[in-house]
>>> print(open('upload-v8.cif').read())   # mmCIF, C-alpha atoms
data_run
#
loop_
_atom_site.label_atom_id
_atom_site.label_comp_id
_atom_site.auth_asym_id
_atom_site.auth_seq_id
_atom_site.Cartn_x
_atom_site.Cartn_y
_atom_site.Cartn_z
CA MET A 1 16.33 6.00 6.37
CA GLU A 2 17.78 2.57 5.68
CA ILE A 3 15.90 0.48 3.16
CA LYS A 4 15.53 -2.35 5.66
CA ASP A 5 13.87 0.01 8.18
CA ILE A 6 10.81 0.49 5.94
CA LYS A 7 7.50 -0.27 7.70
CA ILE A 8 4.71 -1.35 5.37
CA LEU A 9 0.98 -1.79 5.89
CA VAL A 10 -0.41 -4.37 3.46
CA VAL A 11 -4.17 -4.12 2.94
CA GLU A 12 -5.33 -7.38 1.36
CA ASP A 13 -8.35 -9.59 2.07
CA VAL A 14 -7.16 -12.88 0.53
CA ALA A 15 -5.12 -14.96 3.01
CA VAL A 16 -2.88 -16.57 0.38
CA ASN A 17 -2.04 -13.13 -1.05
CA GLN A 18 -1.28 -11.87 2.47
CA LEU A 19 1.16 -14.75 2.94
CA LEU A 20 2.75 -14.11 -0.45
CA MET A 21 3.21 -10.39 0.29
CA LYS A 22 4.56 -11.07 3.78
CA THR A 23 7.11 -13.56 2.38
CA LEU A 24 8.15 -11.14 -0.37
CA LEU A 25 8.46 -8.12 1.94
CA TYR A 26 10.32 -10.02 4.66
CA GLY A 27 12.64 -11.26 1.90
CA PHE A 28 13.43 -7.62 1.09
CA GLY A 29 14.13 -7.01 4.80
CA PHE A 30 11.02 -4.88 5.40
CA GLU A 31 8.67 -4.89 8.38
CA CYS A 32 5.02 -5.40 7.54
CA ASP A 33 1.58 -5.67 9.11
CA MET A 34 -1.58 -6.97 7.45
CA ALA A 35 -5.10 -5.53 7.37
CA ALA A 36 -7.92 -7.53 5.73
CA ASN A 37 -9.87 -4.47 4.52
CA GLY A 38 -9.75 -0.68 4.31
CA LYS A 39 -11.60 -0.14 7.60
CA LEU A 40 -9.06 -2.23 9.53
CA ALA A 41 -6.22 -0.43 7.73
CA ILE A 42 -7.54 2.94 8.92
CA GLU A 43 -7.78 1.65 12.50
CA MET A 44 -4.18 0.39 12.30
CA LEU A 45 -2.96 3.72 10.85
CA GLN A 46 -4.46 5.51 13.85
CA CYS A 47 -2.37 3.35 16.22
CA LYS A 48 0.94 2.92 14.40
CA SER A 49 3.00 4.78 11.82
CA TYR A 50 4.02 3.24 8.51
CA ASP A 51 6.24 4.43 5.67
CA ILE A 52 4.02 3.13 2.87
CA ILE A 53 0.77 1.26 2.21
CA LEU A 54 0.24 -1.53 -0.32
CA MET A 55 -3.51 -1.42 -0.99
CA ASP A 56 -5.63 -4.04 -2.72
CA ILE A 57 -8.57 -2.51 -4.59
CA GLN A 58 -11.38 -5.05 -4.30
CA MET A 59 -12.08 -5.90 -0.65
CA PRO A 60 -15.15 -6.35 1.55
CA VAL A 61 -16.29 -3.76 4.13
CA MET A 62 -14.24 -0.87 2.64
CA ASN A 63 -12.45 -1.14 -0.71
CA GLY A 64 -9.05 0.32 -1.60
CA PHE A 65 -10.42 3.46 -3.26
CA GLU A 66 -12.68 4.27 -0.27
CA ALA A 67 -9.85 3.66 2.20
CA THR A 68 -7.44 5.82 0.20
CA GLU A 69 -9.95 8.66 -0.02
CA TYR A 70 -10.47 8.49 3.78
CA ILE A 71 -6.70 8.43 4.42
CA ARG A 72 -6.15 11.44 2.14
CA THR A 73 -9.13 13.58 3.20
CA THR A 74 -10.28 12.70 6.72
CA MET A 75 -6.85 11.73 8.06
CA ASN A 76 -5.08 14.31 5.86
CA SER A 77 -2.21 11.85 5.39
CA LYS A 78 0.33 12.00 2.59
CA ILE A 79 1.66 8.47 3.20
CA PRO A 80 2.58 6.82 -0.12
CA ILE A 81 -0.04 4.30 -1.29
CA ILE A 82 0.55 1.70 -4.00
CA ALA A 83 -2.52 0.00 -5.49
CA LEU A 84 -2.26 -3.75 -6.01
CA THR A 85 -4.88 -5.26 -8.30
CA ALA A 86 -5.58 -8.27 -10.47
CA ASP A 87 -8.26 -6.27 -12.32
CA VAL A 88 -5.99 -4.61 -14.87
CA ILE A 89 -8.81 -4.18 -17.38
CA SER A 90 -11.05 -1.77 -15.47
CA VAL A 91 -8.52 -0.31 -13.04
CA ASP A 92 -5.80 1.85 -14.52
CA LEU A 93 -3.18 4.23 -13.21
CA ALA A 94 -5.32 7.31 -13.90
CA ILE A 95 -8.16 5.98 -11.72
CA CYS A 96 -5.71 5.07 -8.94
CA LYS A 97 -4.05 8.51 -9.07
CA ALA A 98 -7.45 10.24 -9.08
CA SER A 99 -8.34 8.43 -5.85
CA GLY A 100 -5.10 9.62 -4.22
CA MET A 101 -2.86 6.61 -4.78
CA ASN A 102 0.76 7.20 -5.81
CA ASP A 103 1.35 4.13 -7.95
CA TYR A 104 -0.22 0.94 -9.24
CA ILE A 105 1.19 -2.56 -9.61
CA PRO A 106 -0.76 -5.34 -11.34
CA LYS A 107 -1.08 -8.84 -9.88
CA PRO A 108 0.64 -11.22 -10.16
CA ILE A 109 3.27 -9.01 -8.53
CA ASP A 110 6.59 -8.43 -10.28
CA LYS A 111 8.87 -8.38 -7.23
CA GLN A 112 11.54 -6.12 -8.77
CA LEU A 113 8.90 -3.60 -9.85
CA LEU A 114 7.39 -3.72 -6.35
CA LEU A 115 10.77 -3.20 -4.66
CA ARG A 116 11.68 -0.31 -6.96
CA SER A 117 8.31 1.40 -6.44
CA ILE A 118 8.43 1.03 -2.63
CA VAL A 119 11.98 2.38 -2.37
CA GLU A 120 11.35 5.31 -4.74
CA LEU A 121 8.12 6.40 -3.04
CA VAL A 122 9.51 6.07 0.51
CA LYS A 123 12.66 8.03 -0.43
CA GLU A 124 10.54 10.72 -2.11
CA ALA A 125 8.22 10.97 0.92
CA SER A 126 11.12 11.16 3.40
CA PHE A 127 12.76 13.86 1.24
CA TYR A 128 9.60 16.01 1.33
CA ASN A 129 9.04 15.36 5.04
CA SER A 130 12.58 16.22 6.14
#
>>> encode(input="upload-v8.cif", output="structure tokens")
Amino acid sequence: MEIKDIKILVVEDVAVNQLLMKTLLYGFGFECDMAANGKLAIEMLQCKSYDIILMDIQMPVMNGFEATEYIRTTMNSKIPIIALTADVISVDLAICKASGMNDYIPKPIDKQLLLRSIVELVKEASFYNS
């Protein structure tokens, strides 16, 4: 898999953050779609395949933890999921991992950290799925 062929689902409810993520990901050469909450993300996952999900934690309708749990249990999906959160005080890596997420990146996003995490998790997933 070429790095530029990576398809990403970004789950984020704040429009300005969606725009920021889209700009960043397009800058890396990735394809991306946006979902405004966990429920919409699940609907999109049922219609299209992605290589990785970038999941905000605090969202209306269905939050990031609820969506991740549904993706892992009901959908039985092993797609890599990276938590994105501004709430670094109460949300830590252990909580994210316990909910089924693979990694965690605090906001504001460090773009090199994001790129490294996406590439590593997608390569790891494609290795185990090949």
>>> residues_near_point(input="upload-v8.cif", point="(-5.4, 7.6, -5.2)", cutoff="8 Å", atoms="only C-alpha atoms", output="mmCIF file with C-alpha atoms, in the frame of the given file")
data_model
loop_
_atom_site.group_PDB
_atom_site.id
_atom_site.type_symbol
_atom_site.label_atom_id
_atom_site.label_comp_id
_atom_site.auth_asym_id
_atom_site.auth_seq_id
_atom_site.Cartn_x
_atom_site.Cartn_y
_atom_site.Cartn_z
ATOM 1 C CA PHE A 65 -10.420 3.460 -3.260
ATOM 2 C CA THR A 68 -7.440 5.820 0.200
ATOM 3 C CA GLU A 69 -9.950 8.660 -0.020
ATOM 4 C CA ILE A 81 -0.040 4.300 -1.290
ATOM 5 C CA ILE A 95 -8.160 5.980 -11.720
ATOM 6 C CA CYS A 96 -5.710 5.070 -8.940
ATOM 7 C CA LYS A 97 -4.050 8.510 -9.070
ATOM 8 C CA ALA A 98 -7.450 10.240 -9.080
ATOM 9 C CA SER A 99 -8.340 8.430 -5.850
ATOM 10 C CA GLY A 100 -5.100 9.620 -4.220
ATOM 11 C CA MET A 101 -2.860 6.610 -4.780
ATOM 12 C CA ASN A 102 0.760 7.200 -5.810
#
>>> resolve_selection(input="upload-v8.cif", expression="the PyMOL selection byres ((chain A and resi 35-42) around 7)", output="PyMOL selection string")
chain A and resi 10-13+33-34+43-46+59-64+67
>>> closest_residue(input="upload-v8.cif", among="A:Val122, A:Leu115, A:Asp51, A:Arg72", to="Gly27 (chain A)", atoms="all atoms listed in the file")
A:Leu115
>>> resolve_selection(input="upload-v8.cif", expression="the PyMOL selection byres ((chain A and resi 32) around 12)", output="ChimeraX atom specification")
/A:4-11,18-19,21-31,33-35,44,48-54
>>> write_last_selection(input="upload-v8.cif", atoms="C-alpha atoms", output="PDB file, in the coordinates of the input")
ATOM      1  CA  LYS A   4      15.530  -2.350   5.660  1.00  0.00           C
ATOM      2  CA  ASP A   5      13.870   0.010   8.180  1.00  0.00           C
ATOM      3  CA  ILE A   6      10.810   0.490   5.940  1.00  0.00           C
ATOM      4  CA  LYS A   7       7.500  -0.270   7.700  1.00  0.00           C
ATOM      5  CA  ILE A   8       4.710  -1.350   5.370  1.00  0.00           C
ATOM      6  CA  LEU A   9       0.980  -1.790   5.890  1.00  0.00           C
ATOM      7  CA  VAL A  10      -0.410  -4.370   3.460  1.00  0.00           C
ATOM      8  CA  VAL A  11      -4.170  -4.120   2.940  1.00  0.00           C
ATOM      9  CA  GLN A  18      -1.280 -11.870   2.470  1.00  0.00           C
ATOM     10  CA  LEU A  19       1.160 -14.750   2.940  1.00  0.00           C
ATOM     11  CA  MET A  21       3.210 -10.390   0.290  1.00  0.00           C
ATOM     12  CA  LYS A  22       4.560 -11.070   3.780  1.00  0.00           C
ATOM     13  CA  THR A  23       7.110 -13.560   2.380  1.00  0.00           C
ATOM     14  CA  LEU A  24       8.150 -11.140  -0.370  1.00  0.00           C
ATOM     15  CA  LEU A  25       8.460  -8.120   1.940  1.00  0.00           C
ATOM     16  CA  TYR A  26      10.320 -10.020   4.660  1.00  0.00           C
ATOM     17  CA  GLY A  27      12.640 -11.260   1.900  1.00  0.00           C
ATOM     18  CA  PHE A  28      13.430  -7.620   1.090  1.00  0.00           C
ATOM     19  CA  GLY A  29      14.130  -7.010   4.800  1.00  0.00           C
ATOM     20  CA  PHE A  30      11.020  -4.880   5.400  1.00  0.00           C
ATOM     21  CA  GLU A  31       8.670  -4.890   8.380  1.00  0.00           C
ATOM     22  CA  ASP A  33       1.580  -5.670   9.110  1.00  0.00           C
ATOM     23  CA  MET A  34      -1.580  -6.970   7.450  1.00  0.00           C
ATOM     24  CA  ALA A  35      -5.100  -5.530   7.370  1.00  0.00           C
ATOM     25  CA  MET A  44      -4.180   0.390  12.300  1.00  0.00           C
ATOM     26  CA  LYS A  48       0.940   2.920  14.400  1.00  0.00           C
ATOM     27  CA  SER A  49       3.000   4.780  11.820  1.00  0.00           C
ATOM     28  CA  TYR A  50       4.020   3.240   8.510  1.00  0.00           C
ATOM     29  CA  ASP A  51       6.240   4.430   5.670  1.00  0.00           C
ATOM     30  CA  ILE A  52       4.020   3.130   2.870  1.00  0.00           C
ATOM     31  CA  ILE A  53       0.770   1.260   2.210  1.00  0.00           C
ATOM     32  CA  LEU A  54       0.240  -1.530  -0.320  1.00  0.00           C
TER      33      LEU A  54
END
>>> atom_distance(input="upload-v8.cif", atom1="CA of Ile109 (chain A)", atom2="CA of Lys78 (chain A)")
24.0 Å
